[in-house]
file work-v8.cif (mmCIF, C-alpha atoms)
data_upload
#
loop_
_atom_site.label_atom_id
_atom_site.label_comp_id
_atom_site.auth_asym_id
_atom_site.auth_seq_id
_atom_site.Cartn_x
_atom_site.Cartn_y
_atom_site.Cartn_z
CA MET V 527 0.00 0.00 0.00
CA LYS V 528 2.80 2.41 0.88
CA LEU V 529 4.60 1.56 -2.36
CA LEU V 530 1.44 2.24 -4.37
CA LEU V 531 0.96 5.60 -2.63
CA ALA V 532 4.61 6.54 -3.27
CA CYS V 533 4.24 5.66 -6.98
CA VAL V 534 1.06 7.73 -7.30
CA LEU V 535 2.72 10.72 -5.62
CA CYS V 536 5.77 10.47 -7.91
CA ILE V 537 3.60 10.29 -11.03
CA ALA V 538 1.51 13.23 -9.82
CA ALA V 539 4.62 15.29 -9.09
CA CYS V 540 6.01 14.53 -12.56
CA GLY V 541 2.71 15.47 -14.16
CA VAL V 542 2.64 18.78 -12.30
CA ALA V 543 6.22 19.53 -13.33
CA GLU V 544 5.42 18.84 -16.99
CA ALA V 545 2.27 20.97 -16.92
CA GLN V 546 4.18 24.10 -15.84
CA PRO V 547 5.41 26.31 -18.67
CA ALA V 548 9.16 26.72 -19.06
CA PHE V 549 10.49 29.84 -17.35
CA ASP V 550 11.40 32.54 -19.87
CA PRO V 551 13.76 34.99 -18.15
CA VAL V 552 13.42 37.59 -20.90
CA GLN V 553 10.07 39.27 -20.34
CA PRO V 554 9.10 42.88 -21.10
CA GLY V 555 10.63 45.06 -18.39
CA THR V 556 13.76 42.89 -18.02
CA ARG V 557 17.09 44.75 -18.12
CA VAL V 558 18.86 43.63 -21.31
CA ARG V 559 22.09 44.33 -23.18
CA VAL V 560 22.13 44.07 -26.99
CA SER V 561 25.48 43.98 -28.82
CA ILE V 562 25.26 44.97 -32.46
CA LEU V 563 27.44 43.66 -35.27
CA VAL V 564 26.58 44.92 -38.73
CA PRO V 565 27.99 42.95 -41.67
CA PRO V 566 30.42 45.05 -43.76
CA ASP V 567 28.28 44.78 -46.90
CA VAL V 568 25.22 46.24 -45.13
CA ASP V 569 25.34 49.93 -44.27
CA SER V 570 21.68 50.95 -44.44
CA THR V 571 20.73 49.78 -40.93
CA GLY V 572 21.76 53.00 -39.18
CA PHE V 573 23.72 51.02 -36.60
CA HIS V 574 27.45 50.75 -36.12
CA SER V 575 29.32 47.57 -35.31
CA ARG V 576 30.31 47.22 -31.66
CA ASP V 577 27.43 49.44 -30.52
CA ARG V 578 25.87 48.24 -27.29
CA VAL V 579 22.36 49.12 -26.12
CA VAL V 580 21.49 48.63 -22.45
CA GLY V 581 17.98 49.22 -21.18
CA SER V 582 14.61 47.79 -20.36
CA LEU V 583 13.08 45.38 -22.87
CA LEU V 584 9.87 46.81 -24.30
CA ARG V 585 8.98 44.07 -26.79
CA TYR V 586 10.40 41.60 -29.25
CA ASP V 587 9.06 39.55 -32.13
CA ALA V 588 10.48 37.41 -34.92
CA SER V 589 11.92 40.39 -36.80
CA ALA V 590 13.13 42.95 -34.25
CA ILE V 591 13.67 43.93 -30.64
CA GLN V 592 12.81 47.20 -28.90
CA VAL V 593 14.73 48.48 -25.87
CA ASP V 594 14.08 51.63 -23.83
CA PRO V 595 16.16 53.79 -23.99
CA GLY V 596 17.45 52.95 -27.41
CA PRO V 597 16.69 53.11 -31.10
CA PRO V 598 13.08 52.55 -32.17
CA THR V 599 13.76 48.95 -33.21
CA ILE V 600 16.82 46.78 -33.65
CA PRO V 601 16.51 44.10 -36.34
CA TRP V 602 17.62 40.63 -35.25
CA ALA V 603 19.95 40.54 -38.26
CA ALA V 604 22.07 43.26 -36.60
CA VAL V 605 22.10 41.60 -33.15
CA HIS V 606 25.39 39.86 -32.40
CA ARG V 607 24.78 39.13 -28.72
CA PHE V 608 21.70 39.33 -26.51
CA GLU V 609 21.97 39.19 -22.71
CA TYR V 610 19.71 39.74 -19.73
CA SER V 611 20.68 40.95 -16.26
CA THR V 612 20.57 38.38 -13.48
CA GLY V 613 21.16 41.03 -10.83
CA ARG V 614 23.61 43.65 -9.67
CA HIS V 615 26.56 43.36 -7.31
CA GLY V 616 28.99 45.71 -5.61
CA ASN V 617 32.74 45.70 -6.07
CA ALA V 618 33.94 46.05 -2.47
CA GLY V 619 36.63 43.37 -2.81
CA SER V 620 38.33 44.79 -5.87
CA GLY V 621 37.90 48.32 -4.50
CA ALA V 622 39.65 47.29 -1.29
CA LEU V 623 42.48 45.69 -3.27
CA TYR V 624 43.07 48.75 -5.46
CA GLY V 625 42.74 51.07 -2.47
CA ALA V 626 45.21 49.02 -0.44
CA LEU V 627 47.79 49.07 -3.24
CA ILE V 628 47.44 52.82 -3.78
CA GLY V 629 47.50 53.50 -0.02
CA LEU V 630 50.57 51.28 0.46
CA LEU V 631 52.47 52.99 -2.34
CA ALA V 632 51.53 56.49 -1.14
CA GLY V 633 52.37 55.63 2.47
CA VAL V 634 55.77 54.11 1.66
CA VAL V 635 56.79 57.05 -0.55
CA THR V 636 55.62 59.59 2.03
CA GLY V 637 57.30 57.73 4.91
CA ILE V 638 60.64 57.43 3.10
CA THR V 639 60.54 61.09 2.08
CA ILE V 640 59.80 62.28 5.61
CA GLY V 641 62.41 59.90 7.06
CA LYS V 642 65.13 61.18 4.74
CA GLU V 643 64.32 64.78 5.59
CA GLU V 644 64.56 64.04 9.32
CA GLY V 645 67.98 62.48 8.74
CA GLY V 646 67.86 60.25 11.79
CA ALA V 647 68.16 63.12 14.26
CA GLU V 648 66.88 61.00 17.13
CA GLY V 649 69.91 58.72 16.98
CA ASN V 650 68.26 56.35 14.55
CA GLU V 651 70.23 55.95 11.33
CA ASP V 652 67.42 54.24 9.41
CA LEU V 653 64.47 56.56 9.96
CA ALA V 654 63.55 56.44 6.26
CA ALA V 655 62.91 52.67 6.40
CA GLU V 656 60.90 52.94 9.59
CA GLY V 657 58.84 55.82 8.20
CA GLY V 658 58.20 53.90 4.99
CA PHE V 659 57.08 50.82 6.91
CA VAL V 660 54.83 52.65 9.38
CA LEU V 661 53.18 55.00 6.90
CA GLY V 662 52.99 52.19 4.32
CA ALA V 663 51.06 49.98 6.73
CA GLY V 664 48.78 52.87 7.67
CA GLY V 665 48.22 53.77 4.03
CA LEU V 666 47.44 50.14 3.24
CA LEU V 667 44.72 49.97 5.91
CA VAL V 668 43.20 53.36 5.16
CA GLY V 669 43.32 52.77 1.40
CA ALA V 670 41.69 49.36 1.74
CA GLY V 671 38.88 50.82 3.84
CA ILE V 672 38.20 53.71 1.49
CA GLY V 673 38.47 51.40 -1.55
CA ALA V 674 35.98 48.94 -0.04
CA ILE V 675 33.49 51.72 0.64
CA VAL V 676 33.82 53.20 -2.84
CA GLY V 677 33.83 49.79 -4.56
CA GLY V 678 30.82 48.63 -2.59
CA ARG V 679 28.81 51.59 -3.81
CA LEU V 680 29.71 50.98 -7.48
CA LYS V 681 27.21 48.43 -8.75
CA THR V 682 27.65 46.38 -11.92
CA ASP V 683 25.30 43.97 -13.67
CA ASP V 684 25.77 40.23 -13.96
CA TRP V 685 24.81 39.19 -17.48
CA GLN V 686 23.48 35.89 -18.84
CA ASP V 687 23.65 35.13 -22.58
CA VAL V 688 20.50 34.26 -24.46
CA PRO V 689 21.29 31.83 -27.30
CA LEU V 690 20.40 33.28 -30.68
CA ALA V 691 19.15 31.18 -33.57
CA LYS V 692 21.60 31.51 -36.43
CA PRO V 693 20.07 31.39 -39.95
#

call {"tool": "encode", "arguments": {"input": "work-v8.cif", "output": "structure tokens"}}
result
Amino acid sequence: MKLLLACVLCIAACGVAEAQPAFDPVQPGTRVRVSILVPPDVDSTGFHSRDRVVGSLLRYDASAIQVDPGPPTIPWAAVHRFEYSTGRHGNAGSGALYGALIGLLAGVVTGITIGKEEGGAEGNEDLAAEGGFVLGAGGLLVGAGIGAIVGGRLKTDDWQDVPLAKP
């Protein structure tokens, strides 16, 4: 009896899964990116190769696509690549890395310069090296923090390709 019930539930679950329409991620209102590549023998399209249109999808049919903001319509013959946005993310990690490198370089140069000007007056012969190390470490930390804040506020899209039917 339990085996029969399990079989019926499995068949019902499979039937429900088949009855659901396939998810189409590219619906009107989706953020899309269209890369245009015009063949060299065609110059009447009004588009230039390597143009890229990013915006909200208004509509598409078998002959063209319409994106807002963008040209009135883009014929599929001129579309080289079609992508939709899967979301946006910040760049805190790379911002922290760039900030740390810039801060380290600025701190080391400043510390060495100040150390050389002091000339080891406090009885320390190697004040330039100490200044470079201390200000370099401080610059690294401050630069990483500022870079993480700036990078985290800069958002970029993650894009997913939509396969295009090639004639």

call {"tool": "residues_near_point", "arguments": {"input": "work-v8.cif", "point": "(10.2, 37.1, -38.1)", "cutoff": "12 Å", "atoms": "all atoms listed in the file", "output": "list in words"}}
result
Tyr586, Asp587, Ala588, Ser589, Ala590, Ile591, Pro601, Trp602, Ala603, Ala691 and Pro693 of chain V

call {"tool": "atom_distance", "arguments": {"input": "work-v8.cif", "atom1": "atom CA of Glu643 of chain V", "atom2": "atom CA of Gly629 of chain V"}}
result
21.0 Å

call {"tool": "resolve_selection", "arguments": {"input": "work-v8.cif", "expression": "the PyMOL selection byres ((chain V and resi 555-559) around 8)", "output": "VMD selection string"}}
result
chain V and resid 551 to 554 560 to 561 578 to 584 593 608 to 611

call {"tool": "axis_aligned_box", "arguments": {"input": "work-v8.cif", "around": "segment 671-689 of chain V", "padding_each_side": "6 Å", "output": "lines of an AutoDock Vina configuration file"}}
result
center_x = 29.7
center_y = 42.8
center_z = -11.7
size_x = 30.4
size_y = 33.9
size_z = 43.1

call {"tool": "residues_around", "arguments": {"input": "work-v8.cif", "residues": "Arg614 of chain V", "least_positions_apart": "3", "cutoff": "7 Å", "atoms": "only C-alpha atoms", "output": "list in words"}}
result
Lys681, Thr682, Asp683 and Asp684 of chain V

call {"tool": "atom_distance", "arguments": {"input": "work-v8.cif", "atom1": "atom CA of Ala618 of chain V", "atom2": "atom CA of Gly637 of chain V"}}
result
27.1 Å

call {"tool": "atom_distance", "arguments": {"input": "work-v8.cif", "atom1": "atom CA of Thr636 of chain V", "atom2": "atom CA of Gly658 of chain V"}}
result
6.9 Å

call {"tool": "resolve_selection", "arguments": {"input": "work-v8.cif", "expression": "the PyMOL selection byres ((chain V and resi 632) around 10)", "output": "list in words"}}
result
Ala626, Leu627, Ile628, Gly629, Leu630, Leu631, Gly633, Val634, Val635, Thr636, Gly637, Gly658, Leu661, Gly662, Gly664, Gly665, Leu666 and Gly669 of chain V

call {"tool": "closest_residue", "arguments": {"input": "work-v8.cif", "among": "V:Ile638, V:Ala622, V:Ala655, V:Val660", "to": "Arg679 of chain V", "atoms": "only C-alpha atoms"}}
result
V:Ala622

call {"tool": "closest_residue", "arguments": {"input": "work-v8.cif", "among": "V:Ala670, V:Lys642, V:Val564, V:Gly619", "to": "Ala604 of chain V", "atoms": "all atoms listed in the file"}}
result
V:Val564

call {"tool": "resolve_selection", "arguments": {"input": "work-v8.cif", "expression": "the PyMOL selection byres ((chain V and resi 676-678) around 10)", "output": "number ranges by chain"}}
result
V: 615-625, 670-675, 679-681
